[in-house]
Amino acid sequence: MAKLFSRRIIFALWLTFVGLWAERIMRAAWPLLSTLVLGIGVLLLAAPDLWPLVVLKLAGGIWLLSGLYGLWYFFRRFAAPTLGAARARLDQNLPDRPLAALRDIQALGQGDPASAALWRAHLAQMRAAAAKASAVGPQLDLAPRDPFALRYIALLVFVIGGLFGSVQTMRTGLGDASVPIAAGPQWEVWLQPPANTRRPVIYLNDVMGVELSVPQDTVVLVRLYGDAGLHAIEETLSGRPADTFDAAEPSQKFLVTRSGRLAISGPDGAEWWVSMLPDAPPEVEVIGEVARDAEGSFSLSFTARDDVAVTAGRAWVYLNIDEVNRRYGLAAEPAPQPDIELTLPLIISGDRAEFTEVLTEDLSKHVWAHLPVSLRLEVEDMRGQLGQSAALELALPARNFFDPLAKALVEQRRDLLWSPDNRRRVSQLLRAISQAPETLFRDAQDAEILSNIIRDLEAGTDLEPAAELLWILALEVEDGDLEQAAQKLARAQDKLAEAIKNGATPEEIARLMDELRQAQREYFKEFAERNPPSEQPERLPDDEAVSEDQLQEMMDRLQKLMEEGRMAEAQELLEEINRLMQNLQMTPGQSGGEGQEGQEGGGQQMEDLADSLRQQQELSDQTFRDLQGQTPGDQLGGGGAEGGNDAGEEGPSSQDSLAEQQKQLERDVERQRGNLPGAGTEAGQAARRALDEAAEAMDQAAEDLRAGDLPGALDNQSEAIDALREGMRRLGETLDEQAAPGQGATPNDRRAEGQSQSPSTRDPLGRDVGGNGQLGAGEQMVPQEELRLRSQELMEEIRRRAGSLERPKEERNYLQRLLDHF
């Protein structure tokens, strides 16, 4: 072979031969090698002496079976290669197979010089081609033989073990006593206070032998290492009998329920004296008197306190049946009525260790309205301990009715709900009341409604629908004339303004002036009947009050200007009169009314801002759920469970969608800013600045969402929410500057004929408003009760999760920033 081939060809041939051996070995030995590599990687990561015995036996058995299978596979599949196979592989990778050609012998024409010369030329050409030969590498195509890539899993474990493991750990696990073992703690003890206390965990190995004070129900975690029985726990903190637990158990956990001693016996032992700080029950007390407004809602201020935090509160209302004047409809045996349970409002942000809040409710429709009751407040802390206030004896505050017919209807409704036995008596009284409906009711439809109620009662139908209809009818009777008078006054104002603008004749203007005067007199009369002095709030300062006489003087001046033809001045004075009518404040002994300048516009702007606030809160909730989807741990509350996984799946596309929604909301807020009233007032300018800040924060939040910075987006969204709230508060101040607090109907509340409002309507923020749709003085801009409760639950969940040490540090830091911010 040496004569036929050059040294270069021989060297390439032997390298190919070696590669062929490697190829055959790897194809046959990959299961065995993978098993060995996996075992070494596992030993590098964790020594067997640290494994539980059951796991060690199971893993060892699986590893041994895998090794035996690898040996069987090797001997079954391995075949030793030959030099000829190497030469054939090398020749196959050369053009025209020159190695085989060089081994050929000339069969014909050996004696012919021309044929011999041609043969020599052929061999020279083949030698030149063979001289270009290079070694052929092994074909280690193991993928068809290992479709699940098990060899890569074994290699990955081996690499991780080599990077992060230790050869010393493996040698120790294999029983090499010559390898020194690193010294570590032989025991560890932690004190973990309850999450609601927000106190840090105490590592007792760092505070040997000191006296400690910890809250009640602190968790004690003990870990004992080394040989069994080498150390033992001694404690008098949990109150457990000594025979109910194994003091040498390697892992122990118990609660601190009393002060006492905690010790670790054995080598390098230690002891501590622990003083338990008992968790005192919460306290609550009523502040001041119960206040009731003209619409029947009552408010009660209270103070609650706890050594850690108040978590829930209720108000219980009980009927004092012994103090009820049992006559007329109340003489019957009352139907069972559950005690009234009201949820106490808790502060949404801030420290709940001590706070003052106001309970506001409207129980005018309850059967116990105006009856003697006992009211008691109750609060609860994290441990379920209860604290109660002293009982408050009072007549249950409710709306007063002054129209005799309305009072009669409400009384019969109460008797109907008091006892089903009053059904026949109530139907007879209602029938007696309605004997002459044309003289009793202003609207024939009201008489028909009462007739239907009587028919249903006599037919024995359910009492609840009849009671509800009686309530609605009483409200209609009580407020009907006032609403009609307000509508008539508003129409008269509009007609006169239109006549002045279009140049009506003096006779037409005189007729419209008489109509306006008559409408004002009727409105003043109805308002005085519906708002007696005892039901009116305190009057405004003199510079904000206006009397009926002052309005009459202005009306006389208006008529004089129109008679003189000074229509421009008359138009300005009429607008001033309309504004004063809107701001009219009733004073004791006088008739008057009030309104709210630009009420319809201001109310719409307030509603738009409330809707923007709601949308921003929803965007913030979705952003938080997306953040939760990127971090380990459970989703926050029920809402988090809804979107956590989705956020993790959608990724950037979800954030781009949120960014677009955030940008659209920013444009809406900028549009609303341009429509705010009170441009020349301090409150109006402050409202505009607040909306500017909200828009700027929204713009930054949108940029953060596009960049994937969810924590930054949440911070900016929180700033936007605060700015929107400030803008709504300032807008409320602006509207208050233009109109006194509402107490009754005003002309411009009924700008369209036939338009009316129920006294129980609510504004866009869920607050009760009067029949004129105006807010009461000093009323806070808070969400509806159910939204308020949801906010309380959300803050409580955030507090709990922020104190949970099992959660990632990044998540706890973010939750802590939320608590600090709000």
# chains A, B, ... in the order shown; residues from 1 in each chain; ligands from 1
call {"tool": "residues_around", "arguments": {"residues": "Leu204 of chain A", "least_positions_apart": "6", "cutoff": "9 Å", "atoms": "only C-alpha atoms", "output": "MDAnalysis selection string"}}
result
chainID A and resid 188:191 272
call {"tool": "write_last_selection", "arguments": {"atoms": "N, CA and C atoms", "output": "PDB file, in the first residue's frame"}}
result
ATOM      1  N   GLU A 188     -31.004  26.037  63.081  1.00  0.00           N
ATOM      2  CA  GLU A 188     -31.432  27.377  62.705  1.00  0.00           C
ATOM      3  C   GLU A 188     -32.831  27.611  63.258  1.00  0.00           C
ATOM      4  N   VAL A 189     -33.096  28.859  63.701  1.00  0.00           N
ATOM      5  CA  VAL A 189     -34.396  29.219  64.270  1.00  0.00           C
ATOM      6  C   VAL A 189     -34.780  30.600  63.734  1.00  0.00           C
ATOM      7  N   TRP A 190     -36.037  30.703  63.296  1.00  0.00           N
ATOM      8  CA  TRP A 190     -36.579  31.987  62.825  1.00  0.00           C
ATOM      9  C   TRP A 190     -37.850  32.320  63.604  1.00  0.00           C
ATOM     10  N   LEU A 191     -38.077  33.615  63.812  1.00  0.00           N
ATOM     11  CA  LEU A 191     -39.341  34.118  64.351  1.00  0.00           C
ATOM     12  C   LEU A 191     -39.995  34.965  63.271  1.00  0.00           C
ATOM     13  N   TRP A 272     -33.291  31.683  74.593  1.00  0.00           N
ATOM     14  CA  TRP A 272     -33.810  33.051  74.513  1.00  0.00           C
ATOM     15  C   TRP A 272     -35.036  33.154  75.401  1.00  0.00           C
TER      16      TRP A 272
END
call {"tool": "residues_around", "arguments": {"residues": "Leu140 of chain A", "least_positions_apart": "3", "cutoff": "10 Å", "atoms": "only C-alpha atoms", "output": "list in words"}}
result
Gly19, Leu20, Ala22, Glu23, Arg24, Ile25, Met26, Arg27, Gly137 and Ala143 of chain A
call {"tool": "write_last_selection", "arguments": {"atoms": "C-alpha atoms", "output": "mmCIF file, in the first residue's frame"}}
result
data_model
loop_
_atom_site.group_PDB
_atom_site.id
_atom_site.type_symbol
_atom_site.label_atom_id
_atom_site.label_comp_id
_atom_site.auth_asym_id
_atom_site.auth_seq_id
_atom_site.Cartn_x
_atom_site.Cartn_y
_atom_site.Cartn_z
ATOM 1 C CA GLY A 19 -13.041 8.432 12.934
ATOM 2 C CA LEU A 20 -14.830 5.297 11.812
ATOM 3 C CA ALA A 22 -15.323 6.707 17.013
ATOM 4 C CA GLU A 23 -18.489 6.635 14.900
ATOM 5 C CA ARG A 24 -19.148 2.944 15.586
ATOM 6 C CA ILE A 25 -18.438 3.361 19.307
ATOM 7 C CA MET A 26 -20.697 6.431 19.710
ATOM 8 C CA ARG A 27 -23.569 4.850 17.809
ATOM 9 C CA GLY A 137 -14.835 12.795 9.817
ATOM 10 C CA ALA A 143 -30.800 11.874 16.197
#
call {"tool": "atom_distance", "arguments": {"atom1": "atom CA of Leu163 of chain A", "atom2": "atom CA of Ala149 of chain A"}}
result
21.4 Å
call {"tool": "atom_distance", "arguments": {"atom1": "atom CA of Ala436 of chain A", "atom2": "atom CA of Leu405 of chain A"}}
result
12.7 Å
call {"tool": "residues_around", "arguments": {"residues": "Thr461 of chain A", "least_positions_apart": "5", "cutoff": "12 Å", "atoms": "only C-alpha atoms", "output": "VMD selection string"}}
result
chain A and resid 420 423 452 to 456 466 to 467
call {"tool": "write_last_selection", "arguments": {"atoms": "C-alpha atoms", "output": "mmCIF file, in the first residue's frame"}}
result
data_model
loop_
_atom_site.group_PDB
_atom_site.id
_atom_site.type_symbol
_atom_site.label_atom_id
_atom_site.label_comp_id
_atom_site.auth_asym_id
_atom_site.auth_seq_id
_atom_site.Cartn_x
_atom_site.Cartn_y
_atom_site.Cartn_z
ATOM 1 C CA PRO A 420 -99.425 40.664 56.804
ATOM 2 C CA ARG A 423 -103.588 43.677 54.653
ATOM 3 C CA ASN A 452 -104.529 49.138 41.297
ATOM 4 C CA ILE A 453 -102.738 48.858 44.642
ATOM 5 C CA ILE A 454 -106.061 48.357 46.446
ATOM 6 C CA ARG A 455 -107.131 45.744 43.914
ATOM 7 C CA ASP A 456 -103.879 43.802 44.351
ATOM 8 C CA ALA A 466 -97.749 46.915 46.593
ATOM 9 C CA ALA A 467 -95.420 48.423 49.226
#
